[in-house]
$ cat query.txt   # compact mmCIF, C-alpha atoms (C1' of nucleotides)
# COMPACT_ATOMS: atom_id res chain seq x y z
CA MET A 1 232.63 150.98 147.53
CA ASN A 2 231.47 147.38 147.73
CA ILE A 3 230.67 145.80 151.06
CA GLY A 4 233.84 143.71 151.17
CA ASN A 5 235.91 146.82 150.79
CA VAL A 6 234.00 148.66 153.51
CA SER A 7 234.19 145.61 155.71
CA GLU A 8 237.94 145.54 155.44
CA LYS A 9 238.32 149.28 156.03
CA SER A 10 235.90 149.47 158.93
CA GLY A 11 236.93 146.20 160.51
CA LEU A 12 233.30 145.11 160.68
CA PRO A 13 232.18 141.79 159.18
CA ALA A 14 230.06 142.17 156.05
CA LYS A 15 227.28 140.34 157.88
CA THR A 16 227.29 142.96 160.58
CA ILE A 17 227.20 145.77 158.07
CA ARG A 18 224.17 144.25 156.36
CA TYR A 19 222.58 143.89 159.76
CA TYR A 20 223.26 147.54 160.52
CA GLU A 21 221.55 148.44 157.28
CA ASP A 22 218.62 146.21 158.24
CA ILE A 23 218.11 148.09 161.48
CA GLY A 24 218.60 151.44 159.82
CA LEU A 25 221.99 152.53 161.06
CA VAL A 26 223.36 153.04 157.54
CA GLN A 27 221.61 153.51 154.20
CA PRO A 28 223.98 152.68 151.37
CA SER A 29 222.68 153.21 147.86
CA ARG A 30 222.42 150.38 145.37
CA ARG A 31 224.05 149.83 142.04
CA GLU A 32 222.09 148.58 139.05
CA ASN A 33 223.21 145.04 139.78
CA GLY A 34 221.78 145.20 143.30
CA TYR A 35 225.15 145.53 145.02
CA ARG A 36 225.36 147.98 147.89
CA ASP A 37 227.38 151.07 147.10
CA PHE A 38 228.88 152.70 150.19
CA ALA A 39 229.91 156.34 150.28
CA VAL A 40 232.85 157.55 152.35
CA GLN A 41 230.37 158.94 154.88
CA ASP A 42 228.97 155.44 155.30
CA LEU A 43 232.43 154.16 155.99
CA HIS A 44 232.91 156.86 158.64
CA LYS A 45 229.60 155.94 160.23
CA LEU A 46 230.53 152.27 160.32
CA ALA A 47 233.92 152.96 161.86
CA PHE A 48 232.13 155.15 164.40
CA LEU A 49 229.72 152.33 165.15
CA GLY A 50 232.53 149.83 165.48
CA ARG A 51 234.31 151.99 167.99
CA ALA A 52 231.15 152.75 169.93
CA ARG A 53 230.22 149.06 170.07
CA SER A 54 233.72 148.18 171.20
CA LEU A 55 233.21 150.61 174.05
CA GLY A 56 230.15 148.61 174.98
CA PHE A 57 227.45 151.06 173.95
CA SER A 58 224.22 149.31 173.04
CA ILE A 59 222.86 149.52 169.52
CA GLU A 60 220.21 151.97 170.66
CA GLU A 61 222.84 154.14 172.32
CA CYS A 62 224.85 153.92 169.11
CA ARG A 63 221.82 155.09 167.21
CA THR A 64 221.55 158.13 169.45
CA LEU A 65 225.28 158.78 169.35
CA LEU A 66 225.15 158.56 165.58
CA SER A 67 222.44 161.20 165.44
CA LEU A 68 224.54 163.41 167.72
CA TYR A 69 227.52 162.70 165.51
CA GLU A 70 225.59 164.06 162.57
CA ASP A 71 224.24 167.03 164.49
CA ARG A 72 226.59 169.98 164.20
CA GLU A 73 224.51 171.81 166.81
CA ARG A 74 224.73 169.04 169.39
CA SER A 75 225.55 169.75 173.02
CA SER A 76 228.47 167.83 174.42
CA ALA A 77 226.26 167.45 177.50
CA ASP A 78 224.02 165.07 175.56
CA VAL A 79 226.97 162.92 174.56
CA LYS A 80 228.39 163.00 178.06
CA ALA A 81 225.08 161.93 179.58
CA ILE A 82 225.00 158.79 177.47
CA ALA A 83 228.62 157.94 178.22
CA GLN A 84 228.11 158.59 181.90
CA SER A 85 225.11 156.33 182.26
CA HIS A 86 226.94 153.65 180.30
CA LEU A 87 229.94 154.04 182.58
CA ALA A 88 227.68 153.69 185.59
CA ARG A 89 226.28 150.46 184.20
CA VAL A 90 229.77 149.13 183.55
CA ASP A 91 230.90 149.99 187.06
CA GLN A 92 227.83 148.38 188.52
CA LYS A 93 228.51 145.23 186.53
CA ILE A 94 232.09 145.22 187.76
CA GLU A 95 230.90 145.34 191.34
CA GLU A 96 228.51 142.49 190.77
CA LEU A 97 231.18 140.39 189.14
CA GLN A 98 233.65 141.16 191.88
CA ALA A 99 231.21 139.95 194.50
CA LEU A 100 230.61 136.86 192.41
CA SER A 101 234.32 136.29 191.99
CA ALA A 102 234.88 136.52 195.72
CA THR A 103 232.15 133.99 196.41
CA LEU A 104 233.40 131.58 193.76
CA ARG A 105 237.00 131.96 194.83
CA ASN A 106 236.09 131.20 198.39
CA LEU A 107 234.29 128.04 197.34
CA VAL A 108 237.06 126.98 195.01
CA VAL A 109 239.86 127.34 197.54
CA ARG A 110 237.88 125.37 200.09
CA CYS A 111 237.32 122.50 197.71
CA HIS A 112 239.94 119.76 197.94
CA GLY A 113 239.52 118.85 194.31
CA ASP A 114 240.31 115.21 194.84
CA ASP A 115 238.48 112.01 193.95
CA ARG A 116 236.20 112.05 196.95
CA PRO A 117 232.64 113.38 196.66
CA ASP A 118 232.93 115.82 199.58
CA CYS A 119 232.64 119.28 198.15
CA PRO A 120 232.02 122.72 199.66
CA ILE A 121 230.92 123.96 196.26
CA MET A 122 228.22 121.34 196.11
CA ASP A 123 227.34 122.09 199.70
CA ASP A 124 226.76 125.69 198.75
CA LEU A 125 224.65 124.79 195.74
CA THR A 126 222.52 122.36 197.70
CA GLY A 127 222.17 124.82 200.53
CA SER A 128 223.30 122.06 202.86
CA ASP A 129 225.10 124.60 205.01
CA LEU A 130 221.78 126.20 205.89
CA ALA A 131 219.81 124.97 208.86
CA GLU A 132 217.16 122.53 207.80
CA THR A 133 214.57 124.67 209.50
CA GLN A 134 215.58 127.57 207.29
CA LYS A 135 215.32 125.53 204.13
CA TYR A 136 212.12 123.80 205.01
CA PRO A 137 210.27 125.66 207.77
CA ALA A 138 208.65 123.46 210.37
CA GLY A 139 205.23 122.29 209.42
CA THR A 140 205.81 122.55 205.70
CA THR A 141 204.14 119.76 203.81
CA TYR A 142 204.36 118.88 200.18
CA MET B 1 203.28 119.95 194.44
CA ASN B 2 201.86 122.27 191.81
CA ILE B 3 204.12 124.56 189.89
CA GLY B 4 203.01 127.68 191.76
CA ASN B 5 203.98 126.10 195.01
CA VAL B 6 207.37 125.00 193.70
CA SER B 7 207.88 128.40 192.18
CA GLU B 8 207.33 130.08 195.50
CA LYS B 9 209.54 127.66 197.41
CA SER B 10 212.37 127.66 194.90
CA GLY B 11 212.18 131.34 194.11
CA LEU B 12 212.09 130.57 190.39
CA PRO B 13 209.30 131.92 188.17
CA ALA B 14 206.87 129.27 186.94
CA LYS B 15 207.84 130.20 183.38
CA THR B 16 211.44 129.37 184.16
CA ILE B 17 210.53 126.06 185.72
CA ARG B 18 208.55 125.08 182.63
CA TYR B 19 211.51 126.12 180.55
CA TYR B 20 213.81 123.96 182.66
CA GLU B 21 211.50 121.05 182.05
CA ASP B 22 211.55 121.82 178.32
CA ILE B 23 215.31 121.57 178.20
CA GLY B 24 215.35 118.48 180.36
CA LEU B 25 216.70 119.77 183.66
CA VAL B 26 213.72 118.47 185.64
CA GLN B 27 211.13 115.80 184.84
CA PRO B 28 208.08 116.31 187.00
CA SER B 29 205.31 113.76 186.63
CA ARG B 30 201.82 114.72 185.55
CA ARG B 31 198.50 114.46 187.26
CA GLU B 32 195.40 113.21 185.46
CA ASN B 33 194.36 116.77 184.76
CA GLY B 34 197.63 117.52 183.00
CA TYR B 35 199.07 119.57 185.85
CA ARG B 36 202.73 119.04 186.66
CA ASP B 37 203.31 117.25 189.93
CA PHE B 38 206.68 118.05 191.50
CA ALA B 39 208.37 115.77 193.99
CA VAL B 40 210.52 117.11 196.80
CA GLN B 41 213.59 116.02 194.83
CA ASP B 42 212.45 118.24 191.98
CA LEU B 43 212.21 121.14 194.37
CA HIS B 44 215.75 120.44 195.56
CA LYS B 45 216.98 120.33 191.99
CA LEU B 46 215.29 123.61 191.18
CA ALA B 47 216.71 125.32 194.23
CA PHE B 48 220.10 123.95 193.24
CA LEU B 49 219.65 125.34 189.75
CA GLY B 50 218.56 128.70 191.08
CA ARG B 51 221.65 128.96 193.24
CA ALA B 52 223.96 127.78 190.47
CA ARG B 53 222.45 130.24 188.00
CA SER B 54 222.77 133.04 190.54
CA LEU B 55 226.46 132.19 190.71
CA GLY B 56 226.57 132.73 186.98
CA PHE B 57 226.99 129.14 185.84
CA SER B 58 225.63 128.59 182.36
CA ILE B 59 222.72 126.27 181.78
CA GLU B 60 225.05 123.67 180.33
CA GLU B 61 227.34 123.94 183.35
CA CYS B 62 224.25 123.60 185.52
CA ARG B 63 223.33 120.47 183.64
CA THR B 64 226.74 119.00 184.41
CA LEU B 65 226.67 120.18 188.00
CA LEU B 66 223.25 118.63 188.39
CA SER B 67 224.53 115.28 187.17
CA LEU B 68 227.41 115.55 189.65
CA TYR B 69 224.90 116.51 192.32
CA GLU B 70 223.08 113.26 191.65
CA ASP B 71 226.24 111.21 191.47
CA ARG B 72 227.17 109.89 194.88
CA GLU B 73 230.48 108.67 193.45
CA ARG B 74 231.49 112.05 192.01
CA SER B 75 234.94 113.49 192.50
CA SER B 76 235.07 116.93 194.02
CA ALA B 77 237.78 117.58 191.42
CA ASP B 78 235.13 117.52 188.71
CA VAL B 79 233.04 120.08 190.51
CA LYS B 80 236.06 122.21 191.27
CA ALA B 81 237.15 122.20 187.62
CA ILE B 82 233.84 123.65 186.51
CA ALA B 83 233.84 126.28 189.21
CA GLN B 84 237.43 127.19 188.48
CA SER B 85 236.92 127.71 184.78
CA HIS B 86 233.83 129.74 185.53
CA LEU B 87 235.80 131.82 188.00
CA ALA B 88 238.47 132.39 185.38
CA ARG B 89 235.85 133.63 182.93
CA VAL B 90 234.40 135.95 185.54
CA ASP B 91 237.81 137.36 186.38
CA GLN B 92 238.59 137.84 182.74
CA LYS B 93 235.33 139.70 182.27
CA ILE B 94 236.14 141.89 185.24
CA GLU B 95 239.45 142.83 183.68
CA GLU B 96 237.83 143.69 180.39
CA LEU B 97 235.22 145.80 182.07
CA GLN B 98 237.82 147.56 184.18
CA ALA B 99 239.76 148.53 181.08
CA LEU B 100 236.53 149.70 179.52
CA SER B 101 235.61 151.66 182.62
CA ALA B 102 238.99 153.40 182.63
CA THR B 103 238.63 154.40 179.00
CA LEU B 104 235.10 155.66 179.45
CA ARG B 105 235.94 157.49 182.65
CA ASN B 106 238.82 159.23 180.97
CA LEU B 107 236.58 160.37 178.14
CA VAL B 108 233.81 161.45 180.48
CA VAL B 109 236.01 163.57 182.72
CA ARG B 110 237.52 165.29 179.72
CA CYS B 111 234.13 166.20 178.30
CA HIS B 112 232.88 169.62 179.38
CA GLY B 113 229.28 168.53 179.15
CA ASP B 114 228.02 171.94 178.17
CA ASP B 115 225.89 173.17 175.28
CA ARG B 116 228.73 173.39 172.79
CA PRO B 117 229.35 170.62 170.29
CA ASP B 118 233.03 170.15 171.17
CA CYS B 119 233.39 166.71 172.68
CA PRO B 120 236.36 164.45 173.42
CA ILE B 121 234.00 161.49 173.53
CA MET B 122 232.87 162.19 169.98
CA ASP B 123 236.46 162.77 169.00
CA ASP B 124 237.31 159.30 170.22
CA LEU B 125 234.39 157.71 168.42
CA THR B 126 235.17 159.45 165.15
CA GLY B 127 238.83 158.64 165.50
CA SER B 128 239.55 162.33 164.93
CA ASP B 129 242.45 162.15 167.32
CA LEU B 130 244.22 159.80 164.95
CA ALA B 131 246.40 161.17 162.22
CA GLU B 132 244.50 161.44 158.97
CA THR B 133 247.18 159.35 157.32
CA GLN B 134 246.48 156.62 159.79
CA LYS B 135 242.77 156.70 159.17
CA TYR B 136 242.99 157.01 155.43
CA PRO B 137 246.41 155.95 154.22
CA ALA B 138 247.81 158.10 151.43
CA GLY B 139 246.72 156.97 148.03
CA THR B 140 243.51 155.37 149.23
CA THR B 141 240.69 155.97 146.82
CA TYR B 142 237.06 155.11 147.19
C1' DC C 1 176.56 128.87 188.30
C1' DT C 2 179.85 132.08 188.28
C1' DT C 3 184.12 134.10 189.54
C1' DG C 4 188.88 134.15 190.06
C1' DA C 5 193.04 131.94 190.71
C1' DC C 6 195.70 128.34 188.75
C1' DC C 7 197.15 125.55 185.29
C1' DT C 8 198.07 124.16 180.22
C1' DT C 9 200.27 124.90 175.43
C1' DC C 10 202.06 127.60 171.84
C1' DC C 11 203.97 131.67 169.59
C1' DA C 12 206.82 135.61 169.58
C1' DG C 13 210.32 138.61 171.19
C1' DT C 14 214.61 139.94 173.56
C1' DA C 15 220.53 141.65 171.91
C1' DA C 16 223.41 141.63 168.48
C1' DG C 17 224.81 139.30 165.56
C1' DT C 18 226.58 134.58 163.13
C1' DG C 19 226.30 130.50 159.99
C1' DG C 20 224.73 128.54 156.02
C1' DA C 21 222.11 127.63 151.70
C1' DA C 22 220.64 128.91 147.14
C1' DG C 23 221.48 131.64 143.63
C1' DC C 24 223.12 136.07 140.81
C1' DC C 25 227.27 138.86 139.06
C1' DC C 26 231.82 139.72 137.40
C1' DT C 27 236.35 138.78 135.79
C1' DA C 28 240.14 135.94 134.33
C1' DT C 29 241.83 132.18 132.15
C1' DA C 30 241.97 127.92 129.12
C1' DT D 1 233.27 130.87 124.65
C1' DA D 2 232.83 127.98 128.57
C1' DT D 3 233.93 127.72 133.11
C1' DA D 4 235.89 128.44 137.59
C1' DG D 5 236.51 131.48 141.44
C1' DG D 6 235.27 134.93 144.34
C1' DG D 7 232.08 138.40 145.69
C1' DC D 8 227.55 139.75 146.11
C1' DT D 9 222.39 139.04 147.09
C1' DT D 10 218.38 137.35 150.10
C1' DC D 11 216.33 134.52 153.49
C1' DC D 12 216.10 131.34 157.27
C1' DA D 13 217.72 129.42 161.39
C1' DC D 14 220.41 129.53 165.58
C1' DT D 15 222.60 131.51 169.66
C1' DT D 16 221.37 132.55 175.72
C1' DA D 17 218.13 132.11 179.06
C1' DC D 18 214.44 133.29 179.59
C1' DT D 19 209.84 136.51 179.45
C1' DG D 20 205.24 138.13 177.85
C1' DG D 21 200.96 137.19 176.20
C1' DA D 22 196.99 134.80 174.13
C1' DA D 23 193.62 131.15 174.20
C1' DG D 24 191.70 127.94 176.78
C1' DG D 25 191.12 123.94 180.50
C1' DT D 26 190.64 123.08 185.90
C1' DC D 27 189.48 123.76 190.52
C1' DA D 28 187.60 125.55 194.89
C1' DA D 29 184.69 128.97 197.05
C1' DG D 30 180.51 131.34 197.50
$ encode --input "query.txt" --output "structure tokens"
Amino acid sequence: MNIGNVSEKSGLPAKTIRYYEDIGLVQPSRRENGYRDFAVQDLHKLAFLGRARSLGFSIEECRTLLSLYEDRERSSADVKAIAQSHLARVDQKIEELQALSATLRNLVVRCHGDDRPDCPIMDDLTGSDLAETQKYPAGTTY
Amino acid sequence: MNIGNVSEKSGLPAKTIRYYEDIGLVQPSRRENGYRDFAVQDLHKLAFLGRARSLGFSIEECRTLLSLYEDRERSSADVKAIAQSHLARVDQKIEELQALSATLRNLVVRCHGDDRPDCPIMDDLTGSDLAETQKYPAGTTY
DNA sequence: CTTGACCTTCCAGTAAGTGGAAGCCCTATA
DNA sequence: TATAGGGCTTCCACTTACTGGAAGGTCAAG
């Protein structure tokens, strides 16, 4: 199979597939004319990678998952561990973004959004709602 | 003020401050010995940038916010627009991650996590829960 | 005079690709 | 048979927002 064919079937851009070869995730053979020649197994691997990436696994996690994928003796515990730590990262990120969202939303609703310069968002960014003494402790010189 | 001093006061690493100068966010003057010499206004700008970055605004948004910060005639509407579109992006990201989290969680709870190779997570990644005809439509040749 | 903390610049690397240029290869058609 | 097109190749640069490190100049203290 040529790369265009594999690209279409796997849903991955040809560029990405070449990149995956570069970093050793797939090793297609070559024809005499230099064209890559993908086996069905390569296509399966690439589809696997596409799905794993779409679930947010990092390339290095994908590499490990791929080796587990090819290991008939694997323990599901090893797979689960990777998924679990990824899930934890995702959930952590969600929490961070939710806190961020709350802060931003609060600023946005308090901003009039008119043609005057007064702006609680700017006030937050400039720290102008903090006491001067907190921003620049007494006795500070520059 | 030397960069170390500004770094400490703004909470930004010296490396980051130099980078911000590189991309034109601050323009400290130079002493005879080549050292950067930051004015109090520079410190304010850097603190502003630190806060804006911590709220997730991109560097380019920060650049715009900084110009609004320095514009006494600005409209709060301009500031609000930036914050609002950023908020929308954040909320969108949260939704994506929540969908992702749900999918991962579902896979994780269904995985026994023992020493056998059976694994719903792997099944998802390999698409083995899809009908073969869906994966490889009849008549497909490689 | 030396030591150590600061400061300087420049280069490289991060994650995971994406865009583009220059140049083969293959097939169909005029 | 010449040529046009589409597909394939490699290589380089760019993206975001820094971060690490090397090599070397500067400054104040002891």
$ interface_residues --input "query.txt" --of "chain A" --to "chain B" --cutoff "6 Å" --atoms "only C-alpha atoms" --output "list in words"
Phe48, Arg51, Arg74, Ser75, Ser76, Ala77, Lys80, Ile94, Gly113, Asp114, Asp115, Arg116, Pro117, Cys119, Leu125, Thr126 and Tyr142 of chain A
$ residues_around --input "query.txt" --residues "region 1-9 of chain D" --least-positions-apart "3" --cutoff "10 Å" --atoms "only C-alpha atoms (C1' of nucleotides)" --output "JSON, numbers by chain"
{"A": [2, 3, 4, 33, 34, 35, 36], "C": [23, 24, 25, 26, 27, 28, 29, 30]}
$ write_last_selection --input "query.txt" --atoms "C-alpha atoms (C1' of nucleotides)" --output "PDB file, in the coordinates of the input"
ATOM      1  CA  ASN A   2     231.470 147.380 147.730  1.00  0.00           C
ATOM      2  CA  ILE A   3     230.670 145.800 151.060  1.00  0.00           C
ATOM      3  CA  GLY A   4     233.840 143.710 151.170  1.00  0.00           C
ATOM      4  CA  ASN A  33     223.210 145.040 139.780  1.00  0.00           C
ATOM      5  CA  GLY A  34     221.780 145.200 143.300  1.00  0.00           C
ATOM      6  CA  TYR A  35     225.150 145.530 145.020  1.00  0.00           C
ATOM      7  CA  ARG A  36     225.360 147.980 147.890  1.00  0.00           C
TER       8      ARG A  36
ATOM      9  C1'  DG C  23     221.480 131.640 143.630  1.00  0.00           C
ATOM     10  C1'  DC C  24     223.120 136.070 140.810  1.00  0.00           C
ATOM     11  C1'  DC C  25     227.270 138.860 139.060  1.00  0.00           C
ATOM     12  C1'  DC C  26     231.820 139.720 137.400  1.00  0.00           C
ATOM     13  C1'  DT C  27     236.350 138.780 135.790  1.00  0.00           C
ATOM     14  C1'  DA C  28     240.140 135.940 134.330  1.00  0.00           C
ATOM     15  C1'  DT C  29     241.830 132.180 132.150  1.00  0.00           C
ATOM     16  C1'  DA C  30     241.970 127.920 129.120  1.00  0.00           C
TER      17       DA C  30
END
$ calpha_fit_and_write --input "query.txt" --fixed "chain A" --moving "chain B" --output "compact mmCIF listing (two decimals) with C-alpha atoms, in the coordinates of the input"
# COMPACT_ATOMS: atom_id res chain seq x y z
CA MET B 1 232.62 150.98 147.57
CA ASN B 2 231.46 147.39 147.75
CA ILE B 3 230.65 145.82 151.05
CA GLY B 4 233.82 143.73 151.16
CA ASN B 5 235.90 146.82 150.82
CA VAL B 6 233.98 148.66 153.53
CA SER B 7 234.16 145.60 155.72
CA GLU B 8 237.91 145.51 155.46
CA LYS B 9 238.32 149.24 156.05
CA SER B 10 235.89 149.44 158.94
CA GLY B 11 236.90 146.17 160.52
CA LEU B 12 233.26 145.09 160.67
CA PRO B 13 232.12 141.79 159.15
CA ALA B 14 230.00 142.17 156.02
CA LYS B 15 227.20 140.34 157.84
CA THR B 16 227.24 142.98 160.53
CA ILE B 17 227.17 145.80 158.03
CA ARG B 18 224.13 144.28 156.32
CA TYR B 19 222.55 143.93 159.72
CA TYR B 20 223.25 147.59 160.47
CA GLU B 21 221.55 148.49 157.24
CA ASP B 22 218.60 146.29 158.20
CA ILE B 23 218.09 148.16 161.43
CA GLY B 24 218.58 151.51 159.77
CA LEU B 25 222.00 152.59 161.02
CA VAL B 26 223.37 153.08 157.51
CA GLN B 27 221.63 153.59 154.16
CA PRO B 28 224.00 152.74 151.36
CA SER B 29 222.71 153.26 147.84
CA ARG B 30 222.46 150.44 145.35
CA ARG B 31 224.10 149.85 142.03
CA GLU B 32 222.16 148.60 139.02
CA ASN B 33 223.26 145.06 139.78
CA GLY B 34 221.80 145.22 143.28
CA TYR B 35 225.16 145.56 145.01
CA ARG B 36 225.36 148.02 147.89
CA ASP B 37 227.39 151.10 147.10
CA PHE B 38 228.89 152.73 150.19
CA ALA B 39 229.92 156.36 150.29
CA VAL B 40 232.86 157.55 152.35
CA GLN B 41 230.39 158.95 154.89
CA ASP B 42 228.97 155.46 155.30
CA LEU B 43 232.44 154.16 156.00
CA HIS B 44 232.91 156.86 158.64
CA LYS B 45 229.60 155.94 160.23
CA LEU B 46 230.52 152.28 160.31
CA ALA B 47 233.90 152.96 161.85
CA PHE B 48 232.14 155.14 164.39
CA LEU B 49 229.72 152.33 165.15
CA GLY B 50 232.53 149.82 165.46
CA ARG B 51 234.33 152.00 167.97
CA ALA B 52 231.16 152.76 169.92
CA ARG B 53 230.22 149.08 170.05
CA SER B 54 233.73 148.19 171.18
CA LEU B 55 233.21 150.62 174.04
CA GLY B 56 230.15 148.62 174.95
CA PHE B 57 227.46 151.08 173.92
CA SER B 58 224.23 149.35 173.01
CA ILE B 59 222.87 149.54 169.50
CA GLU B 60 220.22 151.98 170.64
CA GLU B 61 222.84 154.15 172.31
CA CYS B 62 224.84 153.94 169.10
CA ARG B 63 221.80 155.10 167.19
CA THR B 64 221.56 158.15 169.44
CA LEU B 65 225.28 158.78 169.34
CA LEU B 66 225.17 158.57 165.57
CA SER B 67 222.45 161.21 165.41
CA LEU B 68 224.56 163.42 167.70
CA TYR B 69 227.55 162.69 165.49
CA GLU B 70 225.60 164.06 162.55
CA ASP B 71 224.26 167.02 164.46
CA ARG B 72 226.60 169.97 164.17
CA GLU B 73 224.53 171.81 166.78
CA ARG B 74 224.73 169.04 169.39
CA SER B 75 225.57 169.74 173.00
CA SER B 76 228.49 167.81 174.40
CA ALA B 77 226.28 167.42 177.48
CA ASP B 78 224.06 165.05 175.53
CA VAL B 79 226.98 162.91 174.54
CA LYS B 80 228.41 162.99 178.03
CA ALA B 81 225.09 161.90 179.55
CA ILE B 82 225.02 158.77 177.44
CA ALA B 83 228.62 157.93 178.18
CA GLN B 84 228.12 158.56 181.87
CA SER B 85 225.13 156.30 182.22
CA HIS B 86 226.95 153.64 180.27
CA LEU B 87 229.95 154.03 182.55
CA ALA B 88 227.69 153.67 185.57
CA ARG B 89 226.29 150.43 184.18
CA VAL B 90 229.77 149.12 183.52
CA ASP B 91 230.91 149.98 187.02
CA GLN B 92 227.85 148.37 188.49
CA LYS B 93 228.53 145.23 186.50
CA ILE B 94 232.11 145.22 187.73
CA GLU B 95 230.91 145.34 191.31
CA GLU B 96 228.51 142.48 190.76
CA LEU B 97 231.17 140.39 189.13
CA GLN B 98 233.65 141.16 191.88
CA ALA B 99 231.20 139.94 194.50
CA LEU B 100 230.60 136.87 192.40
CA SER B 101 234.32 136.29 191.98
CA ALA B 102 234.87 136.52 195.73
CA THR B 103 232.15 133.99 196.42
CA LEU B 104 233.39 131.58 193.78
CA ARG B 105 237.00 131.96 194.84
CA ASN B 106 236.09 131.22 198.41
CA LEU B 107 234.28 128.06 197.37
CA VAL B 108 237.05 126.98 195.04
CA VAL B 109 239.85 127.34 197.57
CA ARG B 110 237.87 125.40 200.13
CA CYS B 111 237.28 122.51 197.76
CA HIS B 112 239.90 119.77 198.00
CA GLY B 113 239.47 118.84 194.37
CA ASP B 114 240.26 115.20 194.91
CA ASP B 115 238.43 112.00 194.02
CA ARG B 116 236.11 112.05 197.01
CA PRO B 117 232.58 113.38 196.72
CA ASP B 118 232.87 115.82 199.63
CA CYS B 119 232.60 119.30 198.20
CA PRO B 120 231.99 122.74 199.71
CA ILE B 121 230.91 123.98 196.30
CA MET B 122 228.17 121.36 196.16
CA ASP B 123 227.30 122.14 199.74
CA ASP B 124 226.72 125.75 198.77
CA LEU B 125 224.62 124.83 195.77
CA THR B 126 222.47 122.42 197.73
CA GLY B 127 222.13 124.88 200.55
CA SER B 128 223.27 122.12 202.91
CA ASP B 129 225.08 124.65 205.02
CA LEU B 130 221.77 126.24 205.91
CA ALA B 131 219.82 124.99 208.87
CA GLU B 132 217.21 122.48 207.81
CA THR B 133 214.59 124.60 209.51
CA GLN B 134 215.58 127.47 207.31
CA LYS B 135 215.34 125.42 204.16
CA TYR B 136 212.16 123.64 205.07
CA PRO B 137 210.34 125.51 207.81
CA ALA B 138 208.76 123.27 210.43
CA GLY B 139 205.31 122.15 209.49
CA THR B 140 205.88 122.42 205.76
CA THR B 141 204.23 119.60 203.91
CA TYR B 142 204.43 118.75 200.26
$ interface_residues --input "query.txt" --of "chain A" --to "chain C" --cutoff "12 Å" --atoms "all atoms listed in the file" --output "MDAnalysis selection string"
chainID A and resid 12:20 22:23 31:35 53 56:60
$ axis_aligned_box --input "query.txt" --around "region 2-11 of chain D" --padding-each-side "6 Å" --output "AutoDock Vina command-line options"
--center_x 226.4 --center_y 133.7 --center_z 141.0 --size_x 32.2 --size_y 24.0 --size_z 36.9
$ atom_distance --input "query.txt" --atom1 "C1' of DG20 (chain D)" --atom2 "CA of Glu8 (chain B)"
19.5 Å
$ atom_distance --input "query.txt" --atom1 "CA of Leu43 (chain A)" --atom2 "C1' of DC14 (chain D)"
29.0 Å
$ atom_distance --input "query.txt" --atom1 "CA of Ser7 (chain A)" --atom2 "CA of Gln92 (chain B)"
28.5 Å
$ closest_residue --input "query.txt" --among "D:DT10, D:DG25, D:DG30, D:DT15" --to "chain B" --atoms "all atoms listed in the file"
D:DG25
$ closest_atom_pairs --input "query.txt" --of "chain D" --to "chain B" --cutoff "9 Å" --atoms "all atoms listed in the file" --output "JSON lines"
{"residue": "D:DT16", "atom": "C1'", "partner": "B:Ser58", "partner_atom": "CA", "distance": 8.8}
{"residue": "D:DA17", "atom": "C1'", "partner": "B:Ile59", "partner_atom": "CA", "distance": 7.9}
{"residue": "D:DC18", "atom": "C1'", "partner": "B:Thr16", "partner_atom": "CA", "distance": 6.7}
{"residue": "D:DT19", "atom": "C1'", "partner": "B:Lys15", "partner_atom": "CA", "distance": 7.7}
{"residue": "D:DG25", "atom": "C1'", "partner": "B:Asn33", "partner_atom": "CA", "distance": 8.9}
{"residue": "D:DT26", "atom": "C1'", "partner": "B:Asn33", "partner_atom": "CA", "distance": 7.4}
